[in-house]
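Here is the structure we will look at, set down as structure tokens.
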Amino acid sequence: MNFANTLNEILRDNAKLDRSIFHHESGDSSREVTFAELHERALGLLHLLQQRGARRSDAVILYLANNEQFLDGYWASLAGGLVAVPVATGISDEHKYKLLRIAQQLGNPWLYTDRKTLERLEAFGREAGEEAAVAALRARAFLVDEIDSLAHHADLLIPSPNDTAFIQFSSGSTSEPKGVVLTHGNLVANLRSVVQAARLTGADNALSWMPLTHDMGLIGMNFFMYAAGMNVHIMPTELFIRRPLLWLQLADRHHCTVLCSPNFGYRHFLKVLGDRPVDGMNLKHVRILFNGAEPISPELTEEFLERMTPSGLPKSSMYPVYGLAEATLAMTFRSAEGTYRVVHFDRHHLGVGEAARVVDAAAPEALALMGVGTPIPNTEVRFTDEARQALPAGTVGHLEIRGPNVTSGYFQLPDVNARVITADGWLDTGDLGLYHEGEVIITGRAKEIIFVNGQNYYPHDLENIAIRAPSLELGKVVAAACRPNGAEADELTLFVLHRGSMEDFLPTADAVARMVNEHAGLEVAHVVPVKRIPKTTSGKLQRGLLAKEYLDGAFAAEMAEIATLRAQHEAALADTSAPGAALACTAMEQRLKNIIDAAMAPKDVGLDDNLFEVGASSLVLIQIHEEVDRDHPGVVDLTELFDHPTIRALAAHLDSKLG
């Protein structure tokens with residue numbers, strides 16, 4: 001398959017194809033946007049942006065939750081030589097702080113958003129003392145709500161392959177986000193290699209629930225599939241969270257052949273599936289199920305495939321991959337033939353410069369790692385020592401990459417670029433790994449290694465052990481090394497997602513520490529409750545950020561309360577008080593209490609209990625909002641639950657809006 005040299009030429013040429021993007025807003029309804037319509041809408045929106053004053057090379061922040069509107073803005077920006085900057089709207093203050101930090105770096109960007117999102121941003125600015133920063137964005141905001149016609153079209157600009165297409169920023173609300181600069185040439189180079197390696201054709205059908213602000217969602221499962229000339233199906237991430245089974249039901253219904261999910265998606269799907277049969281689902285046609293975006297769990301992969309056997313999902317469809325934003329997206333793919341491979345290594349011999357030892361799967365020191373294939377065409381991977389000298393196969397080292405798909409650097413960070421990119425183009429990914437029998441295997445992140453008792457330990461290995469404790473799962477436990485001032489060695493510290501009371505947390509803390517001690521032979525120094533687990537835009541856990549916050553005293557109050565409770569011999573006690581003692585006194589309060597108690601069973605939530613203090617996760621909030629929206633369609637949005645986090649407050653808010 002031949003491609004042009006820029007994304008804009010692909011937009012132009014694909015307008016001639018009889019293909020579409022399908023936006024699935026529910027299981028029964030979808031909106032079809034043909035490739036020709038996408039082309040016309042992009043040029044129509046570009047005309048309006050140019051009327052407002054947007055010019056070539058201006059940055060445009062895409063700050064939209066609606067996938068269809070997001071793609072219009074993305075292609076309109078590219079069509080005019082503008083630099084697209086995707087930023088997730090999110091529902092927390094952390095997301096808003098990130099937006100402001102990015103805008104500050106960009107200087108004077110345009111903001112493409114909708115009225116409601118902008119109003120919430122302005123309210124945040126007033127509360128957080130960021131009025132000036134928000135006002136600067138407001139002055140250059142282009143609102144979807146103000147579009148009345150796309151009848152007039154701008155001319156499509158054909159840029160140089162060296163021109164910047166967009167900038168993918170990492171997470172960073174408390175620190176400065178790093179912007180990976182990607183050119184048209186980077187994107188087309190990665191496209192060509194991926195299409196060749198995965199054998200993508202226009203006969204394929206793609207389906208994705210990954211957010212478009214994530215590089216796997218935007219580049220991997222949207223742009224690459226669109227450029228390959230196939231029909232593309234998109235379901236909103238929020239819909240997947242509410243109804244994960246719909247993901248594979250849609251794959252069955254629309255005969256989709258290319259799917260994707262990180263660990264989180266497989267685990268969430270299995271959790272909701274429970275004991276229900278999948279006999280009525282036919283997935284024999286799925287030929288690629290990309291597995292990446294975070295460290296791959298071999299155990300979870302096996303569990304998912306085993307559970308889906310009755311659906312006919314081929315084991316050969318599981319496609320472990322390795323990539324990162326700095327590589328545009330993809331660097332290594334499993335071979336198109338055969339199936340994936342799991343290798344068991346001695347976890348005590350995986351330090352940089354060490355020859356890895358393969359052991360039996362049943363050995364107590366065995367660490368299961370997934371092979372992620374070989375470098376895709378026209379790319380290079382090597383493993384190096386601390387002096388950045390190449391190491392032989394079988395030896396653990398720093399993973400470095402090179403190729404036409406690799407970024408030339410981070411936005412306005414010359415010192416960082418000089419440190420991580422060599423003169424001959426090798427970029428240090430920050431990951432560790434090795435070549436084993438010709439295949440790349442990732443062992444972990446260099447800066448996250450935990451060094452205890454003279455041995456190296458990988459955080460994700462300890463996390464996979466910790467999640468065996470009751471009520472825990474991947475993504476809810478983070479292992480990190482913390483070295484307090486004056487300490488002579490690292491202390492193994494586990495951070496556990498928890499939004500309830502400290503009394504409720506103690507049994508979990510004890511179970512997690514006991515599990516790691518029993519299975520890894522390590523003493524856990526601290527188990528810390530946290531209300532959020534930060535991740536990068538690529539889905540990678542920010543272990544270092546949590547460790548820094550802990551050492552800076554961010555969790556001192558919680559740890560002091562835990563110490564007091566332990567001293568009083570109450571560590572094993574659950575909170576047996578009746579938080580729901582206050583009785584509902586209005587019909588709205590009673591209805592909301594029924595909804596919230598069902599979502600948070602077996603907890604009995606009182607009228608004045610703060611949802612976040614009694615352990616409501618983001619998934620639970622989405623379930624609550626879905627039920628409220630079913631009773632009162634369109635009256636409140638999800639973010640309003642943050643403003644009214646008790647039953648009594650939310651009931652009053654609903655009553656006031658209903659008049």
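By order of appearance in the structure tokens: chains A, B, ..., then residues from 1 within every chain, and ligands from 1 in the order shown.
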
Please report, as a PDB file with N, CA and C atoms, in the first residue's frame, each residue of segment 241-287 of chain A to which DSSP assigns alpha helix (DSSP H) when run on this structure's backbone.
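Result file states-v2.pdb:
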```
ATOM      1  N   ILE A 241     -16.547   2.143  29.715  1.00  0.00           N
ATOM      2  CA  ILE A 241     -16.486   1.998  31.169  1.00  0.00           C
ATOM      3  C   ILE A 241     -17.839   1.578  31.725  1.00  0.00           C
ATOM      4  N   ARG A 242     -18.913   2.160  31.196  1.00  0.00           N
ATOM      5  CA  ARG A 242     -20.252   1.814  31.665  1.00  0.00           C
ATOM      6  C   ARG A 242     -20.673   0.429  31.177  1.00  0.00           C
ATOM      7  N   LEU A 245     -18.979  -4.836  27.993  1.00  0.00           N
ATOM      8  CA  LEU A 245     -19.343  -5.969  27.138  1.00  0.00           C
ATOM      9  C   LEU A 245     -19.767  -5.516  25.754  1.00  0.00           C
ATOM     10  N   LEU A 246     -20.235  -4.279  25.656  1.00  0.00           N
ATOM     11  CA  LEU A 246     -20.656  -3.743  24.359  1.00  0.00           C
ATOM     12  C   LEU A 246     -19.490  -3.690  23.379  1.00  0.00           C
ATOM     13  N   TRP A 247     -18.285  -3.547  23.885  1.00  0.00           N
ATOM     14  CA  TRP A 247     -17.087  -3.485  23.038  1.00  0.00           C
ATOM     15  C   TRP A 247     -17.025  -4.699  22.104  1.00  0.00           C
ATOM     16  N   LEU A 248     -17.069  -5.887  22.660  1.00  0.00           N
ATOM     17  CA  LEU A 248     -16.954  -7.080  21.824  1.00  0.00           C
ATOM     18  C   LEU A 248     -18.279  -7.446  21.164  1.00  0.00           C
ATOM     19  N   GLN A 249     -19.385  -6.974  21.724  1.00  0.00           N
ATOM     20  CA  GLN A 249     -20.668  -7.151  21.029  1.00  0.00           C
ATOM     21  C   GLN A 249     -20.678  -6.369  19.720  1.00  0.00           C
ATOM     22  N   LEU A 250     -20.137  -5.147  19.749  1.00  0.00           N
ATOM     23  CA  LEU A 250     -20.025  -4.356  18.524  1.00  0.00           C
ATOM     24  C   LEU A 250     -19.035  -4.994  17.551  1.00  0.00           C
ATOM     25  N   ALA A 251     -17.948  -5.547  18.092  1.00  0.00           N
ATOM     26  CA  ALA A 251     -16.968  -6.218  17.233  1.00  0.00           C
ATOM     27  C   ALA A 251     -17.608  -7.386  16.490  1.00  0.00           C
ATOM     28  N   ASP A 252     -18.480  -8.099  17.183  1.00  0.00           N
ATOM     29  CA  ASP A 252     -19.214  -9.206  16.567  1.00  0.00           C
ATOM     30  C   ASP A 252     -20.185  -8.673  15.516  1.00  0.00           C
ATOM     31  N   ARG A 253     -20.974  -7.673  15.898  1.00  0.00           N
ATOM     32  CA  ARG A 253     -22.040  -7.156  15.030  1.00  0.00           C
ATOM     33  C   ARG A 253     -21.491  -6.567  13.735  1.00  0.00           C
ATOM     34  N   ASN A 263      -4.079  -3.508  29.647  1.00  0.00           N
ATOM     35  CA  ASN A 263      -4.516  -4.381  30.742  1.00  0.00           C
ATOM     36  C   ASN A 263      -5.853  -3.957  31.323  1.00  0.00           C
ATOM     37  N   PHE A 264      -6.005  -2.651  31.548  1.00  0.00           N
ATOM     38  CA  PHE A 264      -7.202  -2.148  32.205  1.00  0.00           C
ATOM     39  C   PHE A 264      -8.475  -2.637  31.516  1.00  0.00           C
ATOM     40  N   GLY A 265      -8.487  -2.569  30.194  1.00  0.00           N
ATOM     41  CA  GLY A 265      -9.684  -2.940  29.452  1.00  0.00           C
ATOM     42  C   GLY A 265     -10.030  -4.409  29.594  1.00  0.00           C
ATOM     43  N   TYR A 266      -9.015  -5.288  29.530  1.00  0.00           N
ATOM     44  CA  TYR A 266      -9.272  -6.715  29.675  1.00  0.00           C
ATOM     45  C   TYR A 266      -9.807  -7.025  31.071  1.00  0.00           C
ATOM     46  N   ARG A 267      -9.188  -6.414  32.081  1.00  0.00           N
ATOM     47  CA  ARG A 267      -9.624  -6.656  33.455  1.00  0.00           C
ATOM     48  C   ARG A 267     -11.040  -6.133  33.677  1.00  0.00           C
ATOM     49  N   HIS A 268     -11.334  -4.943  33.178  1.00  0.00           N
ATOM     50  CA  HIS A 268     -12.657  -4.360  33.372  1.00  0.00           C
ATOM     51  C   HIS A 268     -13.719  -5.209  32.665  1.00  0.00           C
ATOM     52  N   PHE A 269     -13.408  -5.667  31.471  1.00  0.00           N
ATOM     53  CA  PHE A 269     -14.337  -6.516  30.720  1.00  0.00           C
ATOM     54  C   PHE A 269     -14.636  -7.789  31.509  1.00  0.00           C
ATOM     55  N   LEU A 270     -13.609  -8.460  31.997  1.00  0.00           N
ATOM     56  CA  LEU A 270     -13.798  -9.717  32.720  1.00  0.00           C
ATOM     57  C   LEU A 270     -14.559  -9.513  34.018  1.00  0.00           C
ATOM     58  N   LYS A 271     -14.289  -8.387  34.673  1.00  0.00           N
ATOM     59  CA  LYS A 271     -14.956  -8.116  35.945  1.00  0.00           C
ATOM     60  C   LYS A 271     -16.460  -7.982  35.743  1.00  0.00           C
ATOM     61  N   VAL A 272     -16.871  -7.269  34.703  1.00  0.00           N
ATOM     62  CA  VAL A 272     -18.297  -7.077  34.445  1.00  0.00           C
ATOM     63  C   VAL A 272     -18.916  -8.342  33.852  1.00  0.00           C
ATOM     64  N   LEU A 273     -18.150  -9.070  33.041  1.00  0.00           N
ATOM     65  CA  LEU A 273     -18.663 -10.306  32.453  1.00  0.00           C
ATOM     66  C   LEU A 273     -19.034 -11.313  33.531  1.00  0.00           C
TER      67      LEU A 273
END
```

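Counting only C-alpha atoms, Leu427 of chain A has the following residues at most 6 Å away, ignoring those fewer than 6 positions along the same chain: Glu400, Ile401, Val420 and Ile421 of chain A.
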
How would the residues just picked look written out with C-alpha atoms as a PDB file, in the first residue's frame?
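Output saved as result32.pdb:
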```pdb
ATOM      1  CA  GLU A 400      17.232   2.910  22.913  1.00  0.00           C
ATOM      2  CA  ILE A 401      15.428   3.462  19.609  1.00  0.00           C
ATOM      3  CA  VAL A 420      18.306  11.635  25.916  1.00  0.00           C
ATOM      4  CA  ILE A 421      19.135  11.803  22.177  1.00  0.00           C
TER       5      ILE A 421
END
```

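Ranking A:Ala336, A:Thr89, A:Ala361, A:Glu439 by their shortest atom-to-atom distance to Val381 of chain A, with only C-alpha atoms included, puts A:Glu439 first.
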
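The list of residues with at least one atom within 9 Å of Glu354 of chain A, based on only C-alpha atoms and without residues fewer than 4 positions apart in the same chain, reads His349, Leu350, Gly394, Thr395, Val396 and Gly397 of chain A.
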
Keeping only C-alpha atoms, take the residues you just selected and write them out as a JSON list (two decimals), in the first residue's frame.
```json
[["chain", "number", "residue", "atom", "x", "y", "z"],
["A", 349, "HIS", "CA", 19.09, -11.34, 38.04],
["A", 350, "LEU", "CA", 17.63, -8.60, 35.89],
["A", 394, "GLY", "CA", 20.43, -11.87, 26.57],
["A", 395, "THR", "CA", 21.83, -9.02, 28.67],
["A", 396, "VAL", "CA", 19.57, -6.49, 30.37],
["A", 397, "GLY", "CA", 20.16, -2.88, 29.35]]
```

Counting only C-alpha atoms, which residues of segment 338-377 of chain A fall within 12 Å of segment 501-522 of chain A, and what is the closest atom pair for each with its distance in Å at one decimal, ordered by chain and rising number, as a tab-separated table?
```
residue	atom	partner	partner_atom	distance
A:Asp346	CA	A:Ala520	CA	11.8
A:Arg347	CA	A:Ala520	CA	9.4
A:His348	CA	A:Ala520	CA	10.2
A:Ala363	CA	A:His519	CA	11.4
A:Pro364	CA	A:His519	CA	7.8
A:Glu365	CA	A:Ala520	CA	7.9
A:Ala366	CA	A:Ala520	CA	10.1
A:Leu367	CA	A:Ala520	CA	10.4
```

Quick one: DSSP strand (DSSP E) residues in segment 217-331 of chain A, as a ChimeraX atom specification? /A:231-234,258-261,288-291,318-323,330-331

Per residue of segment 98-209 of chain A within 12 Å of segment 619-643 of chain A, what are the shortest atom pair and its distance in Å to one decimal, counting only C-alpha atoms, with rows by chain and residue number, as a tab-separated table?
```
residue	atom	partner	partner_atom	distance
A:Lys116	CA	A:Asp637	CA	10.0
A:Thr117	CA	A:Thr639	CA	10.0
A:Arg120	CA	A:Thr639	CA	9.0
A:Leu121	CA	A:Thr639	CA	11.6
A:Ala123	CA	A:Asp643	CA	11.2
A:Phe124	CA	A:Asp643	CA	11.2
```

Could you take the residues named above and write them with N, CA and C atoms, as a CSV table (one decimal), in the first residue's frame?
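Saved the output as selection.csv:
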```csv
chain,number,residue,atom,x,y,z
A,116,LYS,N,-19.9,24.5,27.5
A,116,LYS,CA,-20.0,24.0,28.9
A,116,LYS,C,-18.6,23.7,29.5
A,117,THR,N,-17.7,23.1,28.7
A,117,THR,CA,-16.4,22.9,29.1
A,117,THR,C,-15.7,24.1,29.5
A,120,ARG,N,-16.9,25.6,32.8
A,120,ARG,CA,-16.3,24.9,34.0
A,120,ARG,C,-14.9,25.2,34.2
A,121,LEU,N,-14.2,25.5,33.1
A,121,LEU,CA,-12.8,25.9,33.2
A,121,LEU,C,-12.7,27.3,33.8
A,123,ALA,N,-14.9,28.6,35.9
A,123,ALA,CA,-15.2,28.4,37.3
A,123,ALA,C,-14.0,27.9,38.1
A,124,PHE,N,-13.3,27.0,37.5
A,124,PHE,CA,-12.1,26.5,38.2
A,124,PHE,C,-11.1,27.6,38.3
```
